[in-house]
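Peer 1: Below is a structure I'd like to ask you about.
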Amino acid sequence: MLLSHIEHYLNPEGIKLFPSWYAELKQLFLKQDGFQTIKYAYDPEDPCCIHIWTEFSTLESAEKWAQSQLKIDIQARLDPLRIKPMLVERYELVDG
């Protein structure tokens, strides 16, 4: 399983628009092969930062999503609202 953690740093307008953007993103995720979960949280220490966590069943399914035009297009909609680049961390989870 692959867990991704994404930090979006947005201006006040971006923070306000984020819930509707996220709802659209979640609908796209629900149609992706290998999709498991998606969740988000506002950062309690940085009001400009929103964290998203996603899980895919395989690295291949996560890569397919990451390179899809759907992902590129919806991500680009946040670009004008960013105050700094997003941060992406990926972890392959091991069930030990």
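Chain labels run A, B, ... following the order of the structure tokens; each chain numbers its residues from 1, and ligands are numbered from 1 in the order shown.
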For A:Thr58, work out the shell of residues within 9 Å, counting only C-alpha atoms and skipping chain neighbours fewer than 6 positions away, then give it as a ChimeraX atom specification.
Peer 2: /A:1-2,34-35,92
Peer 1: Determine, counting only C-alpha atoms, which protein, DNA and RNA residues have an atom within 6 Å of an atom of stretch 80-89 of chain A; residues of the same chain fewer than 2 positions away are not included. Present the result as a PyMOL selection string.
Peer 2: chain A and resi 4-11+14+78
Peer 1: As a PyMOL selection string, which residues of chain A does DSSP assign to alpha helix (DSSP H)?
Peer 2: chain A and resi 12-30+59-66+69-76
Peer 1: Enumerate the residues of chain A with a DSSP assignment of strand (DSSP E), computed from the backbone, and present them as a PyMOL selection string.
Peer 2: chain A and resi 2-10+35-42+49-56+82-92
Peer 1: Please provide the set of residues having any atom within 9 Å of A:Ile74, restricted to only C-alpha atoms, with same-chain residues fewer than 6 positions apart removed, written as a list in words.
Peer 2: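 Residues meeting the cut-off are Trp21, Glu24 and Leu25 of chain A.
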Peer 1: Figure out the distance between atom CA of A:Arg77 and atom CA of A:Leu28, please, to one decimal in Å.
Peer 2: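 Atom-to-atom, atom CA of A:Leu28 and atom CA of A:Arg77 are spaced 14.3 Å apart.
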Peer 1: Work out how far atom CA of A:Phe56 is from atom CA of A:Ile38, in Å to one decimal.
Peer 2: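 Separating atom CA of A:Ile38 from atom CA of A:Phe56 is a distance of 9.3 Å.
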Peer 1: Rounded to one decimal place, report the atom CA of A:Thr37-atom CA of A:Ile52 distance in Å.
Peer 2: 10.4 Å
Peer 1: With distances taken over only C-alpha atoms, which residue among A:Trp65, A:Pro12, A:Arg90, A:Gln32 lies nearest A:Pro47?
Peer 2: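 Smallest separation from A:Pro47 among the options: A:Pro12.
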